[in-house]
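**Q** Pasting input.json here (JSON, C-alpha atoms):
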[["chain", "number", "residue", "atom", "x", "y", "z"],
["E", 1, "MET", "CA", 27.93, -6.89, -9.83],
["E", 2, "THR", "CA", 30.63, -8.68, -7.99],
["E", 3, "THR", "CA", 31.01, -8.88, -4.24],
["E", 4, "LEU", "CA", 34.12, -8.19, -2.24],
["E", 5, "PRO", "CA", 34.10, -10.80, 0.53],
["E", 6, "LEU", "CA", 37.64, -9.97, 1.61],
["E", 7, "ARG", "CA", 36.83, -6.31, 2.33],
["E", 8, "ARG", "CA", 33.52, -7.06, 4.03],
["E", 9, "SER", "CA", 34.96, -9.86, 6.14],
["E", 10, "LEU", "CA", 37.92, -7.79, 7.31],
["E", 11, "THR", "CA", 35.61, -4.93, 8.27],
["E", 12, "ARG", "CA", 33.33, -7.32, 10.12],
["E", 13, "SER", "CA", 36.22, -9.00, 11.95],
["E", 14, "TRP", "CA", 37.65, -5.62, 13.02],
["E", 15, "ARG", "CA", 34.39, -4.76, 14.77],
["E", 16, "ASN", "CA", 34.31, -8.01, 16.69],
["E", 17, "ARG", "CA", 36.60, -9.06, 19.50],
["E", 18, "LEU", "CA", 39.30, -11.44, 18.34],
["E", 19, "PRO", "CA", 39.26, -14.92, 19.93],
["E", 20, "TRP", "CA", 42.29, -16.15, 21.83],
["E", 21, "PRO", "CA", 43.77, -18.22, 18.94],
["E", 22, "SER", "CA", 43.80, -15.06, 16.81],
["E", 23, "LEU", "CA", 45.44, -13.03, 19.57],
["E", 24, "LEU", "CA", 48.00, -15.78, 20.18],
["E", 25, "SER", "CA", 48.91, -15.96, 16.50],
["E", 26, "LEU", "CA", 49.27, -12.17, 16.29],
["E", 27, "LEU", "CA", 51.47, -12.10, 19.41],
["E", 28, "ILE", "CA", 53.72, -14.86, 18.06],
["E", 29, "LEU", "CA", 54.10, -13.24, 14.67],
["E", 30, "ALA", "CA", 54.54, -9.76, 16.17],
["E", 31, "PHE", "CA", 57.36, -11.06, 18.33],
["E", 32, "GLY", "CA", 58.84, -12.77, 15.27],
["E", 33, "LEU", "CA", 58.76, -9.52, 13.29],
["E", 34, "VAL", "CA", 60.46, -7.62, 16.11],
["E", 35, "ALA", "CA", 63.09, -10.36, 16.41],
["E", 36, "SER", "CA", 63.62, -10.23, 12.64],
["E", 37, "PHE", "CA", 64.01, -6.49, 12.22],
["E", 38, "PHE", "CA", 65.52, -5.60, 15.60],
["E", 39, "PRO", "CA", 67.21, -8.75, 16.97],
["E", 40, "GLY", "CA", 69.69, -6.67, 18.95],
["E", 41, "TRP", "CA", 66.82, -5.43, 21.12],
["E", 42, "ILE", "CA", 66.21, -8.97, 22.38],
["E", 43, "ALA", "CA", 69.40, -10.97, 21.93],
["E", 44, "PRO", "CA", 72.05, -10.16, 24.60],
["E", 45, "PHE", "CA", 75.07, -11.51, 22.63],
["E", 46, "ASP", "CA", 76.54, -11.61, 19.16],
["E", 47, "PRO", "CA", 75.26, -14.90, 17.65],
["E", 48, "LEU", "CA", 78.61, -15.58, 15.95],
["E", 49, "ARG", "CA", 80.96, -14.69, 18.83],
["E", 50, "PHE", "CA", 82.93, -17.59, 20.26],
["E", 51, "ASP", "CA", 83.49, -17.78, 24.00],
["E", 52, "TYR", "CA", 85.74, -20.71, 24.87],
["E", 53, "ARG", "CA", 85.23, -20.03, 28.55],
["E", 54, "ALA", "CA", 81.53, -20.89, 28.26],
["E", 55, "ILE", "CA", 81.49, -24.03, 26.12],
["E", 56, "LEU", "CA", 78.38, -26.24, 26.55],
["E", 57, "LYS", "CA", 77.06, -24.33, 29.54],
["E", 58, "GLY", "CA", 73.49, -25.17, 30.51],
["E", 59, "PRO", "CA", 70.61, -22.68, 30.68],
["E", 60, "SER", "CA", 71.25, -20.00, 33.26],
["E", 61, "VAL", "CA", 70.45, -16.38, 34.06],
["E", 62, "GLN", "CA", 73.34, -15.22, 31.88],
["E", 63, "HIS", "CA", 72.63, -17.67, 29.03],
["E", 64, "LEU", "CA", 68.89, -18.36, 29.00],
["E", 65, "PHE", "CA", 69.14, -21.20, 26.47],
["E", 66, "GLY", "CA", 72.67, -22.26, 27.37],
["E", 67, "THR", "CA", 75.67, -22.23, 25.03],
["E", 68, "ASP", "CA", 76.86, -24.48, 22.21],
["E", 69, "ASN", "CA", 80.14, -26.29, 21.58],
["E", 70, "PHE", "CA", 81.81, -23.01, 20.59],
["E", 71, "GLY", "CA", 80.50, -21.06, 23.55],
["E", 72, "ARG", "CA", 77.98, -19.13, 21.45],
["E", 73, "ASP", "CA", 74.80, -18.04, 23.21],
["E", 74, "VAL", "CA", 71.96, -20.28, 21.95],
["E", 75, "PHE", "CA", 69.24, -17.79, 22.87],
["E", 76, "SER", "CA", 70.90, -15.09, 20.75],
["E", 77, "ARG", "CA", 71.31, -17.52, 17.85],
["E", 78, "VAL", "CA", 67.65, -18.55, 18.05],
["E", 79, "ILE", "CA", 66.56, -14.90, 18.00],
["E", 80, "TYR", "CA", 68.79, -13.97, 15.05],
["E", 81, "ALA", "CA", 67.62, -17.11, 13.22],
["E", 82, "TRP", "CA", 64.08, -15.71, 13.25],
["E", 83, "ARG", "CA", 65.04, -13.30, 10.47],
["E", 84, "ILE", "CA", 66.39, -16.08, 8.23],
["E", 85, "ASP", "CA", 63.45, -18.39, 8.80],
["E", 86, "LEU", "CA", 60.81, -15.72, 8.24],
["E", 87, "GLU", "CA", 62.69, -14.79, 5.08],
["E", 88, "ILE", "CA", 62.46, -18.44, 4.06],
["E", 89, "ALA", "CA", 58.73, -18.51, 4.84],
["E", 90, "LEU", "CA", 58.14, -15.43, 2.67],
["E", 91, "PHE", "CA", 60.47, -16.01, -0.26],
["E", 92, "THR", "CA", 59.65, -19.69, -0.74],
["E", 93, "THR", "CA", 55.91, -19.02, -0.88],
["E", 94, "LEU", "CA", 55.48, -15.56, -2.43],
["E", 95, "PHE", "CA", 56.32, -16.45, -6.03],
["E", 96, "PRO", "CA", 54.39, -19.77, -6.00],
["E", 97, "MET", "CA", 51.39, -17.96, -4.49],
["E", 98, "ILE", "CA", 51.33, -15.14, -7.06],
["E", 99, "PHE", "CA", 52.24, -17.18, -10.13],
["E", 100, "GLY", "CA", 50.10, -20.15, -9.11],
["E", 101, "THR", "CA", 47.09, -17.90, -8.53],
["E", 102, "LEU", "CA", 47.44, -16.33, -11.99],
["E", 103, "VAL", "CA", 47.80, -19.72, -13.67],
["E", 104, "GLY", "CA", 44.88, -21.12, -11.69],
["E", 105, "LEU", "CA", 42.65, -18.22, -12.77],
["E", 106, "LEU", "CA", 43.41, -18.84, -16.43],
["E", 107, "VAL", "CA", 43.15, -22.63, -16.23],
["E", 108, "GLY", "CA", 39.89, -22.55, -14.28],
["E", 109, "PHE", "CA", 38.30, -19.95, -16.55],
["E", 110, "TYR", "CA", 39.24, -21.33, -19.95],
["E", 111, "GLY", "CA", 39.31, -25.07, -19.19],
["E", 112, "GLY", "CA", 39.45, -27.35, -22.21],
["E", 113, "ILE", "CA", 42.88, -28.10, -23.63],
["E", 114, "VAL", "CA", 44.46, -25.63, -21.18],
["E", 115, "GLU", "CA", 43.08, -27.60, -18.24],
["E", 116, "THR", "CA", 44.15, -30.90, -19.81],
["E", 117, "LEU", "CA", 47.74, -29.72, -20.26],
["E", 118, "PHE", "CA", 47.82, -28.32, -16.74],
["E", 119, "GLN", "CA", 46.54, -31.61, -15.34],
["E", 120, "ARG", "CA", 49.48, -33.40, -16.98],
["E", 121, "VAL", "CA", 51.84, -31.00, -15.20],
["E", 122, "VAL", "CA", 50.06, -31.68, -11.90],
["E", 123, "ASP", "CA", 50.35, -35.43, -12.40],
["E", 124, "ALA", "CA", 54.08, -35.11, -13.08],
["E", 125, "VAL", "CA", 54.67, -33.04, -9.95],
["E", 126, "ILE", "CA", 52.58, -34.99, -7.43],
["E", 127, "THR", "CA", 54.10, -38.28, -8.52],
["E", 128, "PHE", "CA", 57.12, -37.54, -6.32],
["E", 129, "PRO", "CA", 57.18, -36.20, -2.75],
["E", 130, "LEU", "CA", 57.83, -32.46, -2.60],
["E", 131, "LEU", "CA", 60.91, -32.79, -0.38],
["E", 132, "VAL", "CA", 62.52, -35.30, -2.74],
["E", 133, "LEU", "CA", 62.05, -32.99, -5.73],
["E", 134, "VAL", "CA", 63.38, -29.98, -3.84],
["E", 135, "ILE", "CA", 66.43, -31.91, -2.62],
["E", 136, "ALA", "CA", 67.14, -33.09, -6.16],
["E", 137, "ILE", "CA", 66.97, -29.56, -7.60],
["E", 138, "VAL", "CA", 69.04, -28.05, -4.78],
["E", 139, "ALA", "CA", 71.64, -30.78, -5.22],
["E", 140, "ILE", "CA", 71.94, -29.78, -8.89],
["E", 141, "LEU", "CA", 72.07, -26.03, -8.23],
["E", 142, "GLY", "CA", 74.25, -26.29, -5.15],
["E", 143, "PRO", "CA", 73.40, -25.80, -1.45],
["E", 144, "GLY", "CA", 72.19, -22.42, -0.24],
["E", 145, "LEU", "CA", 69.07, -20.37, 0.31],
["E", 146, "ASN", "CA", 68.87, -19.07, -3.26],
["E", 147, "SER", "CA", 68.90, -22.60, -4.62],
["E", 148, "MET", "CA", 66.12, -23.52, -2.21],
["E", 149, "TYR", "CA", 63.99, -20.55, -3.32],
["E", 150, "ILE", "CA", 64.42, -21.53, -6.96],
["E", 151, "ALA", "CA", 63.66, -25.19, -6.29],
["E", 152, "VAL", "CA", 60.47, -24.50, -4.36],
["E", 153, "GLY", "CA", 59.36, -21.86, -6.88],
["E", 154, "ILE", "CA", 59.75, -24.29, -9.76],
["E", 155, "ILE", "CA", 57.54, -26.87, -8.09],
["E", 156, "TYR", "CA", 55.14, -25.40, -5.58],
["E", 157, "TRP", "CA", 53.18, -22.98, -7.78],
["E", 158, "VAL", "CA", 51.37, -26.06, -9.11],
["E", 159, "PHE", "CA", 49.55, -26.58, -5.80],
["E", 160, "TYR", "CA", 48.29, -22.99, -5.69],
["E", 161, "ALA", "CA", 47.23, -23.18, -9.33],
["E", 162, "ARG", "CA", 45.32, -26.43, -8.75],
["E", 163, "LEU", "CA", 43.53, -24.95, -5.75],
["E", 164, "ILE", "CA", 42.52, -21.73, -7.52],
["E", 165, "ALA", "CA", 41.56, -23.52, -10.74],
["E", 166, "GLY", "CA", 39.05, -25.58, -8.79],
["E", 167, "GLU", "CA", 37.59, -22.47, -7.14],
["E", 168, "VAL", "CA", 37.31, -20.62, -10.45],
["E", 169, "SER", "CA", 35.67, -23.62, -12.10],
["E", 170, "VAL", "CA", 32.86, -23.28, -9.55],
["E", 171, "GLN", "CA", 32.66, -19.49, -9.55],
["E", 172, "LYS", "CA", 32.48, -19.10, -13.34],
["E", 173, "ARG", "CA", 29.15, -20.94, -13.38],
["E", 174, "LEU", "CA", 27.51, -18.39, -11.08],
["E", 175, "ASP", "CA", 25.14, -15.67, -12.22],
["E", 176, "TYR", "CA", 27.50, -12.72, -11.85],
["E", 177, "VAL", "CA", 29.93, -14.21, -14.37],
["E", 178, "ALA", "CA", 27.09, -14.96, -16.80],
["E", 179, "ALA", "CA", 25.88, -11.37, -16.38],
["E", 180, "GLY", "CA", 29.36, -10.09, -17.20],
["E", 181, "ARG", "CA", 29.42, -12.12, -20.40],
["E", 182, "VAL", "CA", 25.99, -10.77, -21.40],
["E", 183, "MET", "CA", 27.16, -7.19, -20.79],
["E", 184, "GLY", "CA", 30.10, -7.76, -23.11],
["E", 185, "TYR", "CA", 32.90, -7.61, -20.55],
["E", 186, "SER", "CA", 36.25, -8.92, -21.77],
["E", 187, "HIS", "CA", 37.63, -12.15, -20.40],
["E", 188, "LEU", "CA", 40.42, -10.33, -18.58],
["E", 189, "ARG", "CA", 37.94, -8.01, -16.88],
["E", 190, "ILE", "CA", 35.81, -10.92, -15.73],
["E", 191, "ILE", "CA", 38.86, -12.81, -14.49],
["E", 192, "PHE", "CA", 40.64, -10.02, -12.63],
["E", 193, "ARG", "CA", 37.77, -7.69, -11.68],
["E", 194, "HIS", "CA", 35.16, -10.25, -10.70],
["E", 195, "LEU", "CA", 36.57, -13.75, -10.26],
["E", 196, "LEU", "CA", 39.83, -12.84, -8.50],
["E", 197, "PRO", "CA", 38.20, -10.94, -5.59],
["E", 198, "ASN", "CA", 35.98, -13.96, -4.92],
["E", 199, "VAL", "CA", 38.77, -16.55, -4.82],
["E", 200, "VAL", "CA", 41.63, -14.53, -3.31],
["E", 201, "THR", "CA", 40.52, -15.38, 0.23],
["E", 202, "THR", "CA", 41.21, -19.06, -0.48],
["E", 203, "THR", "CA", 44.71, -18.15, -1.61],
["E", 204, "LEU", "CA", 45.41, -16.07, 1.50],
["E", 205, "VAL", "CA", 44.26, -18.80, 3.88],
["E", 206, "TYR", "CA", 46.35, -21.40, 2.09],
["E", 207, "TRP", "CA", 49.33, -19.05, 1.98],
["E", 208, "MET", "CA", 49.36, -18.60, 5.76],
["E", 209, "THR", "CA", 49.33, -22.34, 6.34],
["E", 210, "ASP", "CA", 51.94, -22.81, 3.63],
["E", 211, "MET", "CA", 54.32, -20.44, 5.41],
["E", 212, "ALA", "CA", 54.38, -22.79, 8.39],
["E", 213, "LEU", "CA", 55.27, -25.68, 6.07],
["E", 214, "ALA", "CA", 57.92, -23.52, 4.35],
["E", 215, "ILE", "CA", 59.67, -22.98, 7.69],
["E", 216, "LEU", "CA", 59.69, -26.74, 8.27],
["E", 217, "LEU", "CA", 61.03, -27.29, 4.76],
["E", 218, "GLY", "CA", 63.74, -24.65, 5.17],
["E", 219, "SER", "CA", 64.77, -26.09, 8.53],
["E", 220, "SER", "CA", 64.84, -29.60, 7.08],
["E", 221, "LEU", "CA", 67.14, -28.51, 4.25],
["E", 222, "GLY", "CA", 69.29, -26.57, 6.71],
["E", 223, "TYR", "CA", 69.57, -29.70, 8.85],
["E", 224, "LEU", "CA", 70.63, -31.71, 5.78],
["E", 225, "GLY", "CA", 73.21, -29.08, 4.81],
["E", 226, "LEU", "CA", 71.34, -27.99, 1.67],
["E", 227, "GLY", "CA", 69.74, -24.79, 2.94],
["E", 228, "ALA", "CA", 71.38, -22.08, 5.03],
["E", 229, "GLN", "CA", 75.05, -22.80, 5.63],
["E", 230, "PRO", "CA", 77.00, -22.57, 8.90],
["E", 231, "PRO", "CA", 77.83, -20.40, 10.73],
["E", 232, "THR", "CA", 74.54, -18.71, 9.74],
["E", 233, "ALA", "CA", 72.07, -18.72, 12.60],
["E", 234, "GLU", "CA", 69.13, -20.72, 11.18],
["E", 235, "TRP", "CA", 66.97, -23.11, 13.15],
["E", 236, "GLY", "CA", 67.71, -26.16, 11.02],
["E", 237, "VAL", "CA", 71.44, -25.41, 11.14],
["E", 238, "LEU", "CA", 71.24, -24.97, 14.92],
["E", 239, "ILE", "CA", 69.49, -28.31, 15.33],
["E", 240, "ALA", "CA", 72.07, -30.03, 13.13],
["E", 241, "SER", "CA", 74.93, -28.50, 15.13],
["E", 242, "GLY", "CA", 73.53, -29.92, 18.35],
["E", 243, "LYS", "CA", 72.59, -33.42, 17.20],
["E", 244, "ASN", "CA", 75.89, -34.87, 18.45],
["E", 245, "PHE", "CA", 75.39, -33.37, 21.89],
["E", 246, "MET", "CA", 71.86, -34.54, 22.70],
["E", 247, "ASP", "CA", 73.03, -36.57, 25.70],
["E", 248, "THR", "CA", 75.12, -33.82, 27.26],
["E", 249, "ALA", "CA", 73.76, -30.54, 25.82],
["E", 250, "TRP", "CA", 70.13, -31.09, 24.85],
["E", 251, "TRP", "CA", 69.40, -27.36, 24.86],
["E", 252, "ILE", "CA", 71.32, -26.75, 21.62],
["E", 253, "THR", "CA", 68.71, -28.75, 19.71],
["E", 254, "ILE", "CA", 65.56, -28.43, 21.81],
["E", 255, "PHE", "CA", 65.20, -24.64, 21.85],
["E", 256, "PRO", "CA", 65.54, -24.10, 18.07],
["E", 257, "GLY", "CA", 63.03, -26.92, 17.58],
["E", 258, "PHE", "CA", 60.69, -25.22, 20.01],
["E", 259, "ALA", "CA", 61.03, -21.97, 18.02],
["E", 260, "ILE", "CA", 60.05, -23.84, 14.83],
["E", 261, "VAL", "CA", 56.97, -25.26, 16.53],
["E", 262, "ILE", "CA", 55.90, -21.91, 17.99],
["E", 263, "THR", "CA", 56.32, -20.02, 14.70],
["E", 264, "GLY", "CA", 54.55, -22.73, 12.72],
["E", 265, "LEU", "CA", 51.73, -22.61, 15.27],
["E", 266, "GLY", "CA", 51.47, -18.85, 14.80],
["E", 267, "PHE", "CA", 51.05, -19.14, 11.03],
["E", 268, "SER", "CA", 48.64, -22.06, 11.36],
["E", 269, "LEU", "CA", 46.43, -20.20, 13.85],
["E", 270, "LEU", "CA", 46.49, -17.14, 11.62],
["E", 271, "GLY", "CA", 45.39, -19.29, 8.69],
["E", 272, "ASP", "CA", 42.53, -20.72, 10.77],
["E", 273, "THR", "CA", 41.55, -17.21, 11.82],
["E", 274, "LEU", "CA", 41.46, -16.00, 8.23],
["E", 275, "ALA", "CA", 39.43, -19.04, 7.23],
["E", 276, "GLU", "CA", 36.93, -18.23, 9.97],
["E", 277, "TYR", "CA", 36.57, -14.50, 9.34],
["E", 278, "LEU", "CA", 36.78, -14.54, 5.56],
["E", 279, "ARG", "CA", 34.22, -17.31, 5.15],
["E", 280, "PRO", "CA", 31.04, -15.87, 3.54],
["E", 281, "GLY", "CA", 28.37, -15.22, 6.15],
["E", 282, "SER", "CA", 30.71, -15.59, 9.13],
["E", 283, "ARG", "CA", 30.07, -13.39, 12.13]]
Would you give me this structure, written as structure tokens?
**A**
Amino acid sequence: MTTLPLRRSLTRSWRNRLPWPSLLSLLILAFGLVASFFPGWIAPFDPLRFDYRAILKGPSVQHLFGTDNFGRDVFSRVIYAWRIDLEIALFTTLFPMIFGTLVGLLVGFYGGIVETLFQRVVDAVITFPLLVLVIAIVAILGPGLNSMYIAVGIIYWVFYARLIAGEVSVQKRLDYVAAGRVMGYSHLRIIFRHLLPNVVTTTLVYWMTDMALAILLGSSLGYLGLGAQPPTAEWGVLIASGKNFMDTAWWITIFPGFAIVITGLGFSLLGDTLAEYLRPGSR
């Protein structure tokens, strides 16, 4: 009675040749995973080791991205930072995605007073910019990654819930839901066995794009001193450490920023690829 667009679309996409944006996104993310789990395979130096004989050295064969004001190899620090920033991308979005999807399913299906109360929560959250709310909560909890995860989790599930609630509001008016009601299926069975498979693709596409934004958010908080703390190798921390040396040692800031752009591009392209292949009737 219900269709499984996710399964059919993945099977269809596997049989077709992937376009270059898909391949590029997979290559970027595959490199990021290798750098996260096995950074020693790529990075030639310890990211925390000081070398006062190589302070502020420019890019060279020995130090591909140069060194910072403590003589630490910037390339090694960028590689080791991949683990922290991918952790940020995952942990800041996983709980909001799961919890927001569940709330959105219930709000969209039941509507009425539940939807009215949820709309008041949405209005309260979107009144302020996301970054301002996160900074305020982190400032109360204290700087650090755990505080950032809690702050984003408290706020960002609302956006997933609003997205899924809208999708469910449309889907519940279709014939397969009406047929389930006629056959006496329980509300929970209709929600999780029939509605969820038809709206989960929207969640996955949004989640991929949201991971790119999570990396930007984590780097922004690291730059402000509210996220990862020095001497941790994290892209925002690396950029902050090089801001005073832009005139003489631009590489300290430029290469971590380039890593942020490349990783964000990988997640964005993957989101576009999922949107293309999971769209009903595609390919």
**Q** Within 12 Å of Leu131 in chain E, counting all atoms listed in the file, which residues qualify if same-chain residues fewer than 2 places away don't, as a PyMOL selection string?
**A** chain E and resi 125-129+133-139+148+151-152+155-156+213-214+216-221+224+226
**Q** CA of Val200 in chain E and CA of Arg173 in chain E are how many Å apart?
**A**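 Separation of CA of Val200 in chain E and CA of Arg173 in chain E: 17.3 Å.
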**Q** Near Ala212 in chain E, within 8 Å and counting only C-alpha atoms, which residues show up once chain neighbours fewer than 4 positions away are dropped, as JSON, numbers by chain?
**A** {"E": [89, 208, 216, 263, 264, 265, 267, 268]}
**Q** Identify, on the basis of only C-alpha atoms, every residue whose closest approach to Glu87 in chain E does not exceed 10 Å; exclude the query and any residue fewer than 3 positions from it along the same chain; express the result as a PDB file with C-alpha atoms, keeping the file's coordinate frame.
**A**
ATOM      1  CA  SER E  36      63.620 -10.230  12.640  1.00  0.00           C
ATOM      2  CA  ALA E  81      67.620 -17.110  13.220  1.00  0.00           C
ATOM      3  CA  TRP E  82      64.080 -15.710  13.250  1.00  0.00           C
ATOM      4  CA  ARG E  83      65.040 -13.300  10.470  1.00  0.00           C
ATOM      5  CA  ILE E  84      66.390 -16.080   8.230  1.00  0.00           C
ATOM      6  CA  LEU E  90      58.140 -15.430   2.670  1.00  0.00           C
ATOM      7  CA  PHE E  91      60.470 -16.010  -0.260  1.00  0.00           C
ATOM      8  CA  THR E  92      59.650 -19.690  -0.740  1.00  0.00           C
ATOM      9  CA  THR E  93      55.910 -19.020  -0.880  1.00  0.00           C
ATOM     10  CA  LEU E 145      69.070 -20.370   0.310  1.00  0.00           C
ATOM     11  CA  ALA E 214      57.920 -23.520   4.350  1.00  0.00           C
ATOM     12  CA  ILE E 215      59.670 -22.980   7.690  1.00  0.00           C
ATOM     13  CA  GLY E 218      63.740 -24.650   5.170  1.00  0.00           C
TER      14      GLY E 218
END
**Q** Ranking E:Thr273, E:Thr101, E:Ser186, E:Gln171 by minimum distance to Asn198 in chain E and counting only C-alpha atoms, which one comes first?
**A** E:Gln171
**Q** Using all atoms listed in the file, find the one residue out of E:Ala124, E:Ser60, E:Tyr206, E:Ile79 that sits nearest to Pro39 in chain E.
**A** E:Ile79
**Q** Have a look at E:Val182, E:Pro96, E:Ile252, E:Ile191 and name the one nearest to Val158 in chain E; count only C-alpha atoms.
**A**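 Using only C-alpha atoms, the shortest distance to Val158 in chain E belongs to E:Pro96.
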**Q** Which distance in Å separates CA of Ile150 in chain E and CA of Glu115 in chain E, to one decimal?
**A**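 Atom-to-atom, CA of Ile150 in chain E and CA of Glu115 in chain E are spaced 24.9 Å apart.
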**Q** Rebuild range 128-140 of chain E so that it carries N, CA, C and O atoms, then output the result as a PDB file, in the frame of the given file.
**A**
ATOM      1  N   PHE E 128      56.010 -37.447  -7.255  1.00  0.00           N
ATOM      2  CA  PHE E 128      57.120 -37.540  -6.320  1.00  0.00           C
ATOM      3  C   PHE E 128      56.839 -36.659  -5.102  1.00  0.00           C
ATOM      4  O   PHE E 128      56.202 -35.615  -5.219  1.00  0.00           O
ATOM      5  N   PRO E 129      57.330 -37.061  -3.937  1.00  0.00           N
ATOM      6  CA  PRO E 129      57.180 -36.200  -2.750  1.00  0.00           C
ATOM      7  C   PRO E 129      57.885 -34.865  -2.964  1.00  0.00           C
ATOM      8  O   PRO E 129      58.942 -34.794  -3.606  1.00  0.00           O
ATOM      9  N   LEU E 130      57.287 -33.810  -2.426  1.00  0.00           N
ATOM     10  CA  LEU E 130      57.830 -32.460  -2.600  1.00  0.00           C
ATOM     11  C   LEU E 130      59.263 -32.369  -2.116  1.00  0.00           C
ATOM     12  O   LEU E 130      60.122 -31.802  -2.813  1.00  0.00           O
ATOM     13  N   LEU E 131      59.568 -32.919  -0.942  1.00  0.00           N
ATOM     14  CA  LEU E 131      60.910 -32.790  -0.380  1.00  0.00           C
ATOM     15  C   LEU E 131      61.943 -33.470  -1.272  1.00  0.00           C
ATOM     16  O   LEU E 131      63.059 -32.955  -1.438  1.00  0.00           O
ATOM     17  N   VAL E 132      61.582 -34.597  -1.861  1.00  0.00           N
ATOM     18  CA  VAL E 132      62.520 -35.300  -2.740  1.00  0.00           C
ATOM     19  C   VAL E 132      62.846 -34.450  -3.970  1.00  0.00           C
ATOM     20  O   VAL E 132      64.006 -34.344  -4.378  1.00  0.00           O
ATOM     21  N   LEU E 133      61.822 -33.848  -4.567  1.00  0.00           N
ATOM     22  CA  LEU E 133      62.050 -32.990  -5.730  1.00  0.00           C
ATOM     23  C   LEU E 133      62.906 -31.779  -5.378  1.00  0.00           C
ATOM     24  O   LEU E 133      63.815 -31.407  -6.131  1.00  0.00           O
ATOM     25  N   VAL E 134      62.611 -31.154  -4.253  1.00  0.00           N
ATOM     26  CA  VAL E 134      63.380 -29.980  -3.840  1.00  0.00           C
ATOM     27  C   VAL E 134      64.833 -30.356  -3.583  1.00  0.00           C
ATOM     28  O   VAL E 134      65.757 -29.645  -4.016  1.00  0.00           O
ATOM     29  N   ILE E 135      65.057 -31.466  -2.890  1.00  0.00           N
ATOM     30  CA  ILE E 135      66.430 -31.910  -2.620  1.00  0.00           C
ATOM     31  C   ILE E 135      67.174 -32.177  -3.923  1.00  0.00           C
ATOM     32  O   ILE E 135      68.352 -31.814  -4.077  1.00  0.00           O
ATOM     33  N   ALA E 136      66.497 -32.793  -4.884  1.00  0.00           N
ATOM     34  CA  ALA E 136      67.140 -33.090  -6.160  1.00  0.00           C
ATOM     35  C   ALA E 136      67.549 -31.817  -6.889  1.00  0.00           C
ATOM     36  O   ALA E 136      68.667 -31.720  -7.423  1.00  0.00           O
ATOM     37  N   ILE E 137      66.659 -30.813  -6.907  1.00  0.00           N
ATOM     38  CA  ILE E 137      66.970 -29.560  -7.600  1.00  0.00           C
ATOM     39  C   ILE E 137      68.075 -28.795  -6.880  1.00  0.00           C
ATOM     40  O   ILE E 137      69.002 -28.262  -7.516  1.00  0.00           O
ATOM     41  N   VAL E 138      68.008 -28.750  -5.545  1.00  0.00           N
ATOM     42  CA  VAL E 138      69.040 -28.050  -4.780  1.00  0.00           C
ATOM     43  C   VAL E 138      70.391 -28.735  -4.948  1.00  0.00           C
ATOM     44  O   VAL E 138      71.436 -28.072  -5.045  1.00  0.00           O
ATOM     45  N   ALA E 139      70.382 -30.056  -5.020  1.00  0.00           N
ATOM     46  CA  ALA E 139      71.640 -30.780  -5.220  1.00  0.00           C
ATOM     47  C   ALA E 139      72.263 -30.431  -6.566  1.00  0.00           C
ATOM     48  O   ALA E 139      73.491 -30.379  -6.700  1.00  0.00           O
ATOM     49  N   ILE E 140      71.428 -30.170  -7.570  1.00  0.00           N
ATOM     50  CA  ILE E 140      71.940 -29.780  -8.890  1.00  0.00           C
ATOM     51  C   ILE E 140      72.456 -28.354  -8.870  1.00  0.00           C
ATOM     52  O   ILE E 140      73.533 -28.047  -9.411  1.00  0.00           O
TER      53      ILE E 140
END
